[in-house]
Structure formats: C-alpha cells, structure tokens
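Text of structure-v1.cif (mmCIF, C-alpha atoms) as supplied:
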data_start
#
loop_
_atom_site.label_atom_id
_atom_site.label_comp_id
_atom_site.auth_asym_id
_atom_site.auth_seq_id
_atom_site.Cartn_x
_atom_site.Cartn_y
_atom_site.Cartn_z
CA MET A 569 132.79 124.21 -45.33
CA GLN A 570 132.27 122.52 -41.97
CA ASP A 571 128.97 123.11 -40.18
CA PRO A 572 129.76 124.92 -36.88
CA ASN A 573 126.73 123.23 -35.29
CA GLU A 574 128.00 119.71 -35.93
CA ASP A 575 128.97 117.60 -32.92
CA THR A 576 132.66 117.05 -33.69
CA GLU A 577 135.75 117.11 -31.50
CA TRP A 578 137.26 119.86 -33.68
CA ASN A 579 134.19 122.06 -33.29
CA ASP A 580 134.29 121.52 -29.52
CA ILE A 581 137.89 122.82 -29.50
CA LEU A 582 136.93 125.85 -31.63
CA ARG A 583 134.00 126.61 -29.35
CA ALA A 584 136.23 126.35 -26.28
CA LYS A 585 138.66 128.84 -27.89
CA GLY A 586 135.84 131.19 -28.78
CA ILE A 587 136.58 130.89 -32.48
CA ILE A 588 133.09 129.74 -33.37
CA PRO A 589 129.92 130.56 -31.45
CA PRO A 590 128.34 128.05 -29.03
CA LYS A 591 126.13 125.43 -30.60
CA GLU A 592 122.47 126.39 -30.94
CA LEU A 593 120.38 124.40 -28.48
CA ASP A 594 117.62 122.16 -29.80
CA ILE A 595 114.47 122.76 -27.74
CA THR A 596 111.87 120.03 -27.87
CA GLU A 597 108.13 120.60 -27.84
CA ASP A 598 107.99 119.14 -24.34
CA GLU A 599 110.62 121.63 -23.16
CA ILE A 600 108.68 124.51 -24.69
CA GLN A 601 105.55 123.23 -22.99
CA GLY A 602 107.44 123.04 -19.70
CA MET A 603 108.60 126.63 -20.06
CA ILE A 604 105.05 127.79 -20.73
CA ASP A 605 103.75 125.79 -17.80
CA SER A 606 106.42 127.34 -15.59
CA ALA A 607 105.43 130.85 -16.68
CA ILE A 608 101.77 130.12 -16.03
CA LYS A 609 102.62 128.66 -12.63
CA GLN A 610 104.39 131.90 -11.67
CA LYS A 611 101.40 133.97 -12.72
CA THR A 612 99.02 131.74 -10.78
CA GLU A 613 101.03 131.85 -7.55
CA GLY A 614 102.18 128.27 -7.83
CA LYS A 615 98.74 126.72 -8.32
CA GLN A 616 98.51 124.23 -11.19
CA MET A 617 95.97 125.11 -13.86
CA ASP A 618 94.66 121.56 -13.83
CA ASP A 619 93.62 122.16 -10.22
CA MET A 620 91.73 125.40 -10.96
CA ASP A 621 88.00 125.71 -11.38
CA LEU A 622 86.45 127.59 -14.30
CA ASP A 623 86.18 130.90 -12.39
CA GLU A 624 89.89 130.84 -11.54
CA LEU A 625 90.79 130.10 -15.15
CA ASP A 626 88.71 133.06 -16.29
CA GLU A 627 90.44 135.38 -13.82
CA ILE A 628 93.91 134.82 -15.30
CA GLU A 629 92.78 134.76 -18.94
CA ASP A 630 93.56 138.46 -19.56
CA ASP A 631 97.11 138.17 -18.22
CA ILE A 632 98.57 135.52 -20.50
CA ASP A 633 100.07 135.46 -23.97
CA GLU A 634 98.86 133.61 -27.07
CA ASP A 635 100.58 130.29 -26.39
CA GLU A 636 99.45 130.28 -22.78
CA LEU A 637 95.92 131.17 -23.87
CA ARG A 638 95.85 128.19 -26.24
CA ILE A 639 96.89 125.88 -23.41
CA MET A 640 94.39 127.40 -21.00
CA GLU A 641 91.53 127.06 -23.49
CA GLU A 642 92.39 123.39 -23.92
CA ILE A 643 92.34 122.89 -20.15
CA LYS A 644 88.99 124.70 -19.92
CA ARG A 645 87.51 122.48 -22.65
CA LYS A 646 88.79 119.42 -20.81
CA ARG A 647 87.38 120.66 -17.51
CA ILE A 648 83.96 121.39 -19.03
CA ALA A 649 83.91 117.92 -20.61
CA GLU A 650 84.76 116.35 -17.24
CA ILE A 651 81.96 118.31 -15.53
CA LYS A 652 79.43 117.28 -18.18
CA ALA A 653 80.53 113.64 -17.96
CA ALA A 654 80.16 113.71 -14.18
CA GLN A 655 76.72 115.29 -14.49
CA ARG A 656 75.62 112.59 -16.92
CA LYS A 657 76.74 109.91 -14.48
CA ALA A 658 75.32 111.56 -11.36
CA VAL A 659 71.70 110.83 -12.22
CA PHE A 660 70.61 109.33 -8.90
CA GLY A 661 71.96 110.47 -5.53
CA SER A 662 69.15 109.22 -3.31
CA VAL A 663 67.50 105.95 -2.32
CA LEU A 664 64.42 104.84 -4.24
CA GLU A 665 61.81 102.66 -2.51
CA ILE A 666 59.90 100.23 -4.70
CA THR A 667 57.34 97.44 -4.55
CA LYS A 668 56.98 94.27 -6.60
CA ALA A 669 55.16 96.19 -9.36
CA ASP A 670 58.21 98.41 -9.90
CA TYR A 671 60.79 95.63 -9.88
CA VAL A 672 61.20 95.02 -13.61
CA LYS A 673 61.22 98.71 -14.53
CA GLU A 674 63.58 99.94 -11.79
CA VAL A 675 65.89 96.93 -11.50
CA ASN A 676 65.93 94.76 -14.62
CA ASN A 677 65.41 97.69 -17.00
CA ALA A 678 67.46 100.28 -15.10
CA GLY A 679 69.50 101.16 -18.18
CA LYS A 680 72.70 100.32 -20.02
CA ASP A 681 75.75 100.01 -17.76
CA ILE A 682 73.77 101.13 -14.72
CA TRP A 683 74.68 99.41 -11.46
CA VAL A 684 71.75 98.74 -9.13
CA ILE A 685 72.08 97.95 -5.43
CA LEU A 686 68.83 96.58 -4.02
CA HIS A 687 68.23 96.09 -0.29
CA ILE A 688 65.40 93.76 0.73
CA TYR A 689 64.56 94.68 4.32
CA LYS A 690 62.06 94.34 7.14
CA ASN A 691 61.22 97.30 9.37
CA SER A 692 61.13 95.25 12.55
CA ILE A 693 64.78 94.14 12.15
CA PRO A 694 67.21 96.74 13.59
CA LEU A 695 70.08 95.79 11.25
CA CYS A 696 67.84 96.51 8.26
CA LYS A 697 67.11 100.01 9.58
CA LEU A 698 70.82 100.62 10.15
CA MET A 699 71.67 99.47 6.64
CA ASN A 700 69.02 101.75 5.15
CA GLN A 701 70.66 104.70 6.92
CA HIS A 702 74.07 103.75 5.55
CA LEU A 703 72.67 103.20 2.05
CA SER A 704 71.07 106.64 2.09
CA ASN A 705 74.49 108.20 2.76
CA LEU A 706 76.21 106.00 0.17
CA ALA A 707 73.60 106.96 -2.43
CA ARG A 708 74.66 110.60 -2.05
CA LYS A 709 78.33 109.63 -2.13
CA PHE A 710 77.98 107.50 -5.28
CA PRO A 711 75.25 109.21 -7.37
CA GLU A 712 76.18 107.24 -10.49
CA THR A 713 74.85 104.06 -8.81
CA LYS A 714 71.16 103.36 -8.37
CA PHE A 715 70.28 102.51 -4.76
CA ILE A 716 66.93 100.84 -4.17
CA ILE A 717 65.22 99.47 -1.07
CA SER A 718 62.10 97.36 -0.83
CA GLU A 719 60.25 95.93 2.15
CA ALA A 720 60.34 92.15 1.88
CA HIS A 721 56.61 91.43 2.00
CA LEU A 722 55.96 94.09 -0.68
CA CYS A 723 58.62 92.75 -3.01
CA ILE A 724 58.92 88.97 -2.66
CA GLU A 725 55.96 86.96 -1.43
CA ASN A 726 56.60 84.88 1.73
CA TYR A 727 60.25 85.96 1.90
CA PRO A 728 61.68 84.40 5.12
CA ASP A 729 62.71 86.75 7.91
CA LYS A 730 65.98 84.85 8.32
CA HIS A 731 67.00 85.98 4.83
CA VAL A 732 66.86 89.70 5.62
CA PRO A 733 68.75 91.87 5.22
CA THR A 734 69.42 90.83 1.63
CA ILE A 735 71.49 92.75 -0.91
CA PHE A 736 71.14 92.08 -4.64
CA ILE A 737 73.55 93.80 -7.06
CA TYR A 738 72.58 94.09 -10.74
CA ASN A 739 74.22 95.41 -13.88
CA ASN A 740 72.55 95.55 -17.30
CA GLY A 741 69.66 93.61 -15.80
CA ASP A 742 71.84 90.69 -14.70
CA LEU A 743 72.31 89.64 -11.09
CA LYS A 744 76.02 90.01 -10.31
CA LYS A 745 76.09 89.31 -6.58
CA GLN A 746 73.75 88.46 -3.72
CA MET A 747 74.27 88.60 0.03
CA VAL A 748 71.56 86.91 2.06
CA GLY A 749 71.26 87.17 5.82
CA ALA A 750 72.81 89.16 8.66
CA VAL A 751 76.00 87.07 8.78
CA ASN A 752 77.23 88.83 5.62
CA PHE A 753 77.18 92.24 7.31
CA GLY A 754 78.55 91.75 10.82
CA GLY A 755 75.50 92.69 12.86
CA MET A 756 74.74 96.01 14.57
CA ASN A 757 78.41 96.97 14.68
CA LEU A 758 78.22 97.58 10.92
CA LYS A 759 79.64 100.99 10.01
CA GLN A 760 79.09 102.89 6.78
CA ASP A 761 82.67 102.24 5.67
CA ASP A 762 82.17 98.51 6.33
CA LEU A 763 79.13 98.44 4.07
CA GLU A 764 80.92 100.50 1.42
CA TRP A 765 83.77 97.99 1.42
CA ILE A 766 81.37 95.04 1.13
CA LEU A 767 79.56 96.65 -1.81
CA SER A 768 82.83 97.59 -3.51
CA LYS A 769 83.70 93.93 -4.11
CA THR A 770 81.88 94.40 -7.39
CA ASP A 771 82.20 97.42 -9.67
CA ALA A 772 78.91 98.80 -8.36
CA ILE A 773 80.66 101.64 -6.53
CA ALA A 774 84.07 103.20 -7.08
CA THR A 775 85.24 103.26 -3.48
CA THR A 776 88.40 105.09 -2.43
CA LEU A 777 88.95 102.62 0.42
CA THR A 778 92.10 100.58 -0.09
CA GLU A 779 91.61 97.97 2.63
CA PRO A 780 88.80 96.64 4.85
CA PRO A 781 87.91 99.11 7.63
CA ARG A 782 87.86 96.15 10.03
CA LYS A 783 88.60 92.46 9.98
CA GLU A 784 86.04 90.77 7.79
CA VAL A 785 83.25 88.85 9.44
CA VAL A 786 83.85 85.13 9.90
CA ASP A 787 80.99 82.70 10.23
CA VAL A 788 82.08 81.11 13.52
CA MET A 789 79.52 78.32 13.39
CA ASP A 790 80.52 77.35 9.85
CA SER A 791 84.19 77.44 10.82
CA ALA A 792 83.56 75.18 13.83
CA ILE A 793 81.67 72.68 11.68
CA ARG A 794 84.49 72.60 9.11
CA ASN A 795 87.13 72.08 11.80
CA SER A 796 85.08 69.33 13.36
CA ALA A 797 84.73 67.56 10.02
CA VAL A 798 88.50 67.71 9.46
CA ASN A 799 89.22 66.35 12.93
CA ASN A 800 86.74 63.51 12.47
CA THR A 801 88.35 62.58 9.15
CA ASN A 802 91.78 62.45 10.74
CA SER A 803 90.45 60.25 13.55
CA ASP A 804 88.92 57.81 11.06
CA ASP A 805 92.24 57.59 9.23
CA ASP A 806 94.00 56.71 12.49
CA ASP A 807 91.49 53.93 13.21
CA ASP A 808 92.18 52.35 9.80
CA TRP A 809 95.79 51.89 10.77
#
Would it be possible to restate this file's structure as structure tokens?
Amino acid sequence: MQDPNEDTEWNDILRAKGIIPPKELDITEDEIQGMIDSAIKQKTEGKQMDDMDLDELDEIEDDIDEDELRIMEEIKRKRIAEIKAAQRKAVFGSVLEITKADYVKEVNNAGKDIWVILHIYKNSIPLCKLMNQHLSNLARKFPETKFIISEAHLCIENYPDKHVPTIFIYNNGDLKKQMVGAVNFGGMNLKQDDLEWILSKTDAIATTLTEPPRKEVVDVMDSAIRNSAVNNTNSDDDDDW
C-alpha cells in the first residue's frame, strides 16, 4: 500500500482531488522555537526576552506554559552568568595614584590578563592635568582596565619634563605600548574621545568608537624635516647628471 505522505506526483493528484488528506507538515525544532518565541513576544508586548532585566523576566514567569518557562529559565541563567562575568571584570572603576614603591605591585604584578594604563605626569603642566581628568572619566567607563597615575618625580628619578605626559600600557606585566611627550596627544585641544581612541589602539580598552574623533595629530616639524631630506636627495641626483 502506498504511503499517502510520500512526495509523489500521484499523491499530489489524489490530494488535489480530496481523495487523500493533505500531507502532514514536518515542523523543525527551529520552527517550534520560533513559534514559542512569537507567543512569548505577544505576551511581553513585543519586547524581546533577551532585552529584559531579571525583574521583568520574573513578572511574566507566572503567565507562561512549560516550554516557555524552560526557555525563560535558560535566558535567566544566561543573564545571571553575564552579570557575574561583568562584575568579575569590573574590579577597578577609578584612578589609582602610586609612587615608585608601588610600581612593581600595582603595574608589573597587576594580575593575569589585566590591562594597566599608567600616566606619568607633572602637576605644573596643564596638558597633564587635562589628561588626568579624562583618565578619571575613562576609568569609570572601562572598569575592567586598571588606570594608574604617578607624578614623575615620585615615580622615575630625574624624569625630563619634556617627556611628560607619558603613557605606558602594560598587560601581564609586559610593556605593550608607550607614548612619550605632548606631541602624541595633540595639546590642550585633547578631548576625552580623542584620548579614548588613542588608548584603544591596543586591547587595553574596548572602545565603541569606530573612527578617530578628529584627524590624528601630525608632527609638523618631523614632516618638514622628512620632506626637506627628500628634496635634498633629488637635488643631489640632478647634480650627478
């Protein structure tokens, strides 16, 4: 006897004539999940469960069936895990000031996979004060990163004024990047977003910026020297001919 659910031309004709019933539809697990999600969406006034906080999830818990409850519990477990993970990462959130005696403990031994941003500054230099203000805000914005400042004469003996502000970036005790001198930061026009972009060139902070807030600073003097050297070389070549 022929299976009425088989996909054959003859069965299609019989179904069209109403002789055999329509073929039973195969519903995949993803389709079932979609139907459940749709039902939950209706009960939550269109708001996705993934976007709800724990209080909102608790509010709708009594108004759902067993399958929906299973899904909701899984989402709640995931949300709690995400919150705990974020709390484990967010261990800093403010700027720490250190001296030379604290350097090894707070910088080199900061901890596994901890990024450290260290600003060597001098109080009498306005750009240093501005950067400290920006770093204080960035420390709150990126609490998983350790932000440290240290006054130059208390951290590095005889550190030249021309070298401040200086930024050192460490990870696992290793120096990953250094920026020495004001030319790296664009002077007193430096905005917080500018500094965030500069620091994001490593993995020290997970910035949401997708492009530089302003055109990056160019060392005009260095550029002029390079151009002059090229021009002089071309002139020498002409003389040889």
Report task. Please write the residues picked by the PyMOL selection byres ((chain A and resi 679-686) around 7) on this file as JSON, numbers by chain. Result -> {"A": [675, 677, 678, 687, 688, 713, 714, 715, 716, 717, 735, 736, 737, 738, 739, 740, 772]}
Which residues are near segment 694-704 of chain A? Cut-off 9 Å, all atoms listed in the file, ignore same chain within fewer than 2 positions. Put them as a short mmCIF file (atom, residue, chain, number, x, y, z; two decimals) with C-alpha atoms, keeping the file's coordinate frame.
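Saved to result20.cif:
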data_model
loop_
_atom_site.label_atom_id
_atom_site.label_comp_id
_atom_site.auth_asym_id
_atom_site.auth_seq_id
_atom_site.Cartn_x
_atom_site.Cartn_y
_atom_site.Cartn_z
CA GLY A 661 71.96 110.47 -5.53
CA SER A 662 69.15 109.22 -3.31
CA VAL A 663 67.50 105.95 -2.32
CA HIS A 687 68.23 96.09 -0.29
CA ILE A 688 65.40 93.76 0.73
CA TYR A 689 64.56 94.68 4.32
CA LYS A 690 62.06 94.34 7.14
CA ASN A 691 61.22 97.30 9.37
CA SER A 692 61.13 95.25 12.55
CA LEU A 706 76.21 106.00 0.17
CA ALA A 707 73.60 106.96 -2.43
CA ARG A 708 74.66 110.60 -2.05
CA LYS A 709 78.33 109.63 -2.13
CA PHE A 715 70.28 102.51 -4.76
CA ILE A 716 66.93 100.84 -4.17
CA ILE A 717 65.22 99.47 -1.07
CA VAL A 732 66.86 89.70 5.62
CA PRO A 733 68.75 91.87 5.22
CA THR A 734 69.42 90.83 1.63
CA ALA A 750 72.81 89.16 8.66
CA PHE A 753 77.18 92.24 7.31
CA GLY A 755 75.50 92.69 12.86
CA MET A 756 74.74 96.01 14.57
CA LEU A 758 78.22 97.58 10.92
CA LYS A 759 79.64 100.99 10.01
CA GLN A 760 79.09 102.89 6.78
CA ASP A 761 82.67 102.24 5.67
CA LEU A 763 79.13 98.44 4.07
CA GLU A 764 80.92 100.50 1.42
#
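Taking atom CA of Pro711 of chain A and atom CA of Ile773 of chain A as the two end points, the separation is 9.3 Å.
When atom CA of Asp742 of chain A is paired with atom CA of Lys668 of chain A, their separation reads 17.3 Å.
As for atom CA of Glu665 of chain A and atom CA of Glu712 of chain A, they are spaced 17.1 Å apart.
Using only C-alpha atoms for every distance, the candidate list A:Ile643, A:Tyr671, A:Trp765, A:His731 yields A:His731 as the residue closest to Val751 of chain A.
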Report task. Kindly indicate which residue among A:Ile639, A:Ile581, A:Ile666, A:Leu777 lies nearest to His721 of chain A, using only C-alpha atoms for the distances. Result -> A:Ile666
Query raised in the report: Glu779 of chain A: which residues within 12 Å, counting only C-alpha atoms, same-chain residues fewer than 4 positions away excluded, as number ranges by chain?
Result: A: 761-762, 764-766, 768-769, 775, 783-784
